[in-house]
Amino acid sequence: MMQLILASKSPRRREILENLGVRFEIVTADTDESTAERDPCRLVEILAARKGEAVREKMRAEGRSLSDCVILASDTVVAAESEILGKPRDRADARRMLKMLSGATHRVVSGICLIRGERIYTAHEVTEVTFDPMSEDEIEAYINAENPFDKAGAYAIQGRASAYIRGIRGCYFNVVGLPIHRLACLWRESFGENFL
């Protein structure tokens, strides 16, 4: 049985895996996320792979065996109006992002990476999310009530933003931060066995 290493500090990714009954260990490492890549699908795969590789190198430096483990890393961005939205820097940036999403459809793009030994497997998932219009007062109230600073696009679908989300097309868990169906497919394609 392979041990799963989650290369993420995200409480949402941890919760998704826990709700599935998956056993895993969390190991994280600092990663340089700077890149000139502007295609969101390629970007999230690159960043997920960087996170996974950084954890692999950290585990090697600690003298840990990698022979019986798989490292899972992920990265999520919001693509709106030809712009890639990561986590907002401050209140003004969160306000700007929410105004951009208000009354429009955007894409949430998550990359996943599985690393076993020297082999690296990547994939991505895209989900479309449609927001109702939000007034300036509603945006301010949302920013005051939520913590938008640790979320791509300044919102979490499972939080207060759900009151403004008219619909989604695609994987809900992708919007939360870990596309389980795509992960299960990549796992099966990569290792010839089921994820769960």
# chains A, B, ... in the order shown; residues from 1 in each chain; ligands from 1
>>> select_by_dssp(residues="segment 121-166 of chain A", states="helix (DSSP H, G or I)", output="PyMOL selection string")
chain A and resi 136-145+148-150+152-154+160-164
>>> write_last_selection(atoms="all heavy atoms", output="compact mmCIF listing (two decimals), in the first residue's frame")
# COMPACT_ATOMS: atom_id res chain seq x y z
N GLU A 136 -21.57 47.14 -4.43
CA GLU A 136 -20.37 47.50 -3.68
C GLU A 136 -20.54 47.22 -2.19
O GLU A 136 -19.60 46.77 -1.52
CB GLU A 136 -20.01 48.97 -3.93
CG GLU A 136 -19.51 49.20 -5.35
CD GLU A 136 -18.90 50.58 -5.55
OE1 GLU A 136 -18.60 51.26 -4.54
OE2 GLU A 136 -18.70 50.95 -6.71
N ASP A 137 -21.75 47.47 -1.66
CA ASP A 137 -22.01 47.18 -0.25
C ASP A 137 -21.92 45.68 0.03
O ASP A 137 -21.40 45.27 1.07
CB ASP A 137 -23.40 47.69 0.16
CG ASP A 137 -23.45 49.21 0.26
OD1 ASP A 137 -22.37 49.85 0.31
OD2 ASP A 137 -24.57 49.76 0.28
N GLU A 138 -22.42 44.86 -0.89
CA GLU A 138 -22.34 43.41 -0.71
C GLU A 138 -20.89 42.93 -0.75
O GLU A 138 -20.50 42.05 0.02
CB GLU A 138 -23.17 42.70 -1.77
CG GLU A 138 -24.67 42.84 -1.56
CD GLU A 138 -25.50 42.33 -2.72
OE1 GLU A 138 -25.08 42.53 -3.89
OE2 GLU A 138 -26.55 41.72 -2.46
N ILE A 139 -20.11 43.51 -1.64
CA ILE A 139 -18.69 43.15 -1.72
C ILE A 139 -17.98 43.51 -0.42
O ILE A 139 -17.21 42.72 0.14
CB ILE A 139 -18.03 43.80 -2.95
CG1 ILE A 139 -18.54 43.12 -4.23
CG2 ILE A 139 -16.50 43.72 -2.85
CD1 ILE A 139 -18.09 43.79 -5.51
N GLU A 140 -18.24 44.72 0.11
CA GLU A 140 -17.61 45.15 1.36
C GLU A 140 -18.03 44.24 2.52
O GLU A 140 -17.21 43.85 3.35
CB GLU A 140 -17.95 46.61 1.68
CG GLU A 140 -17.27 47.61 0.78
CD GLU A 140 -15.75 47.46 0.75
OE1 GLU A 140 -15.12 47.33 1.82
OE2 GLU A 140 -15.19 47.49 -0.36
N ALA A 141 -19.32 43.91 2.58
CA ALA A 141 -19.81 43.04 3.65
C ALA A 141 -19.16 41.66 3.55
O ALA A 141 -18.80 41.06 4.57
CB ALA A 141 -21.33 42.92 3.58
N TYR A 142 -18.99 41.18 2.33
CA TYR A 142 -18.36 39.87 2.13
C TYR A 142 -16.91 39.91 2.62
O TYR A 142 -16.47 39.01 3.35
CB TYR A 142 -18.41 39.47 0.65
CG TYR A 142 -17.64 38.21 0.39
CD1 TYR A 142 -18.20 36.96 0.64
CD2 TYR A 142 -16.33 38.25 -0.07
CE1 TYR A 142 -17.49 35.80 0.44
CE2 TYR A 142 -15.60 37.10 -0.27
CZ TYR A 142 -16.19 35.87 -0.02
OH TYR A 142 -15.46 34.73 -0.21
N ILE A 143 -16.17 40.92 2.23
CA ILE A 143 -14.76 41.03 2.63
C ILE A 143 -14.66 41.13 4.15
O ILE A 143 -13.76 40.54 4.76
CB ILE A 143 -14.08 42.23 1.94
CG1 ILE A 143 -13.97 41.97 0.44
CG2 ILE A 143 -12.70 42.50 2.54
CD1 ILE A 143 -13.50 43.16 -0.37
N ASN A 144 -15.59 41.85 4.79
CA ASN A 144 -15.57 41.99 6.25
C ASN A 144 -15.89 40.68 6.96
O ASN A 144 -15.38 40.41 8.05
CB ASN A 144 -16.56 43.07 6.70
CG ASN A 144 -16.11 44.47 6.31
OD1 ASN A 144 -14.92 44.72 6.15
ND2 ASN A 144 -17.05 45.37 6.16
N ALA A 145 -16.76 39.87 6.36
CA ALA A 145 -17.22 38.64 7.01
C ALA A 145 -16.33 37.44 6.72
O ALA A 145 -16.26 36.50 7.53
CB ALA A 145 -18.65 38.33 6.58
N PRO A 148 -10.85 36.58 2.59
CA PRO A 148 -10.64 36.34 1.17
C PRO A 148 -9.16 36.22 0.77
O PRO A 148 -8.86 35.93 -0.38
CB PRO A 148 -11.25 37.58 0.52
CG PRO A 148 -11.04 38.67 1.52
CD PRO A 148 -11.15 37.99 2.87
N PHE A 149 -8.25 36.41 1.72
CA PHE A 149 -6.84 36.56 1.37
C PHE A 149 -6.10 35.24 1.16
O PHE A 149 -4.98 35.24 0.69
CB PHE A 149 -6.13 37.42 2.42
CG PHE A 149 -6.84 38.73 2.64
CD1 PHE A 149 -7.51 38.97 3.81
CD2 PHE A 149 -6.87 39.68 1.63
CE1 PHE A 149 -8.19 40.16 3.99
CE2 PHE A 149 -7.55 40.87 1.80
CZ PHE A 149 -8.21 41.12 3.00
N ASP A 150 -6.71 34.12 1.51
CA ASP A 150 -6.05 32.84 1.28
C ASP A 150 -6.78 32.02 0.24
O ASP A 150 -6.66 30.80 0.19
CB ASP A 150 -5.92 32.05 2.59
CG ASP A 150 -7.26 31.56 3.13
OD1 ASP A 150 -8.29 32.11 2.73
OD2 ASP A 150 -7.25 30.62 3.95
N ALA A 152 -7.91 31.80 -3.99
CA ALA A 152 -7.79 32.29 -5.36
C ALA A 152 -9.09 32.97 -5.76
O ALA A 152 -10.18 32.43 -5.54
CB ALA A 152 -7.50 31.13 -6.30
N GLY A 153 -8.98 34.16 -6.32
CA GLY A 153 -10.17 34.90 -6.73
C GLY A 153 -10.91 35.54 -5.58
O GLY A 153 -11.99 36.11 -5.76
N ALA A 154 -10.39 35.44 -4.37
CA ALA A 154 -10.94 36.08 -3.16
C ALA A 154 -12.23 35.45 -2.65
O ALA A 154 -12.93 36.05 -1.86
CB ALA A 154 -11.14 37.59 -3.38
N ARG A 160 -19.61 32.04 2.25
CA ARG A 160 -20.66 33.04 2.03
C ARG A 160 -20.84 33.38 0.55
O ARG A 160 -21.91 33.81 0.13
CB ARG A 160 -20.36 34.31 2.81
CG ARG A 160 -20.37 34.10 4.31
CD ARG A 160 -19.88 35.34 5.04
NE ARG A 160 -20.87 36.39 5.05
CZ ARG A 160 -21.74 36.59 6.04
NH1 ARG A 160 -21.73 35.80 7.08
NH2 ARG A 160 -22.60 37.58 5.98
N ALA A 161 -19.81 33.16 -0.24
CA ALA A 161 -19.91 33.44 -1.69
C ALA A 161 -20.97 32.58 -2.35
O ALA A 161 -21.52 32.95 -3.40
CB ALA A 161 -18.57 33.23 -2.37
N SER A 162 -21.29 31.45 -1.73
CA SER A 162 -22.30 30.55 -2.33
C SER A 162 -23.64 31.24 -2.53
O SER A 162 -24.41 30.86 -3.42
CB SER A 162 -22.47 29.29 -1.46
OG SER A 162 -22.92 29.64 -0.17
N ALA A 163 -23.93 32.26 -1.75
CA ALA A 163 -25.19 33.01 -1.90
C ALA A 163 -25.23 33.78 -3.22
O ALA A 163 -26.32 34.19 -3.66
CB ALA A 163 -25.38 33.97 -0.73
N TYR A 164 -24.08 33.99 -3.85
CA TYR A 164 -24.01 34.76 -5.10
C TYR A 164 -23.70 33.89 -6.31
O TYR A 164 -23.64 34.40 -7.43
CB TYR A 164 -22.94 35.86 -4.98
CG TYR A 164 -23.26 36.83 -3.88
CD1 TYR A 164 -22.67 36.71 -2.63
CD2 TYR A 164 -24.19 37.85 -4.08
CE1 TYR A 164 -22.98 37.59 -1.61
CE2 TYR A 164 -24.51 38.73 -3.07
CZ TYR A 164 -23.90 38.59 -1.83
OH TYR A 164 -24.24 39.45 -0.83
>>> select_by_dssp(residues="chain A", states="strand (DSSP E)", output="PyMOL selection string")
chain A and resi 3-6+24-26+69-80+83-85+105-116+119-131+165-169
>>> residues_around(residues="Leu196 of chain A", least_positions_apart="2", cutoff="9 Å", atoms="only C-alpha atoms", output="list in words")
Leu20, Gly21, Val22, Ala184, Glu193 and Asn194 of chain A
>>> atom_distance(atom1="atom CA of Ile46 of chain A", atom2="atom CA of Ile112 of chain A")
9.3 Å
>>> atom_distance(atom1="atom CA of Val176 of chain A", atom2="atom CA of Gln158 of chain A")
7.1 Å
>>> residues_around(residues="Val55 of chain A", least_positions_apart="2", cutoff="10 Å", atoms="only C-alpha atoms", output="ChimeraX atom specification")
/A:5-8,26-31,49-53,57-61,71-73,115
>>> residues_around(residues="Asp132 of chain A", least_positions_apart="4", cutoff="9 Å", atoms="only C-alpha atoms", output="list of chain:residue names")
A:Leu101, A:Ser102, A:Gly103, A:Ala104, A:Ala163, A:Tyr164, A:Ile165, A:Arg166
>>> write_last_selection(atoms="N, CA, C and O atoms", output="mmCIF file, in the first residue's frame")
data_model
loop_
_atom_site.group_PDB
_atom_site.id
_atom_site.type_symbol
_atom_site.label_atom_id
_atom_site.label_comp_id
_atom_site.auth_asym_id
_atom_site.auth_seq_id
_atom_site.Cartn_x
_atom_site.Cartn_y
_atom_site.Cartn_z
ATOM 1 N N LEU A 101 -15.575 39.471 -10.905
ATOM 2 C CA LEU A 101 -16.381 38.244 -10.943
ATOM 3 C C LEU A 101 -17.877 38.536 -10.919
ATOM 4 O O LEU A 101 -18.675 37.734 -11.419
ATOM 5 N N SER A 102 -18.261 39.672 -10.369
ATOM 6 C CA SER A 102 -19.667 40.031 -10.203
ATOM 7 C C SER A 102 -20.427 40.036 -11.525
ATOM 8 O O SER A 102 -20.023 40.687 -12.489
ATOM 9 N N GLY A 103 -21.515 39.276 -11.580
ATOM 10 C CA GLY A 103 -22.368 39.245 -12.759
ATOM 11 C C GLY A 103 -21.755 38.586 -13.971
ATOM 12 O O GLY A 103 -22.224 38.780 -15.092
ATOM 13 N N ALA A 104 -20.721 37.790 -13.769
ATOM 14 C CA ALA A 104 -20.002 37.199 -14.907
ATOM 15 C C ALA A 104 -19.698 35.723 -14.640
ATOM 16 O O ALA A 104 -19.835 35.229 -13.529
ATOM 17 N N ALA A 163 -23.931 32.264 -1.751
ATOM 18 C CA ALA A 163 -25.189 33.011 -1.902
ATOM 19 C C ALA A 163 -25.235 33.780 -3.218
ATOM 20 O O ALA A 163 -26.317 34.185 -3.664
ATOM 21 N N TYR A 164 -24.078 33.991 -3.849
ATOM 22 C CA TYR A 164 -24.009 34.763 -5.098
ATOM 23 C C TYR A 164 -23.700 33.890 -6.311
ATOM 24 O O TYR A 164 -23.639 34.396 -7.434
ATOM 25 N N ILE A 165 -23.483 32.610 -6.096
ATOM 26 C CA ILE A 165 -23.108 31.739 -7.206
ATOM 27 C C ILE A 165 -24.367 31.128 -7.812
ATOM 28 O O ILE A 165 -25.033 30.306 -7.185
ATOM 29 N N ARG A 166 -24.687 31.572 -9.014
ATOM 30 C CA ARG A 166 -25.886 31.119 -9.711
ATOM 31 C C ARG A 166 -25.757 29.681 -10.172
ATOM 32 O O ARG A 166 -26.716 28.923 -10.193
#
>>> closest_residue(among="A:Ala156, A:Arg96, A:Arg119, A:Val108", to="Gly170 of chain A", atoms="only C-alpha atoms")
A:Val108
>>> closest_residue(among="A:Gly159, A:Pro179, A:Pro133, A:Gly63", to="Ser110 of chain A", atoms="only C-alpha atoms")
A:Pro179
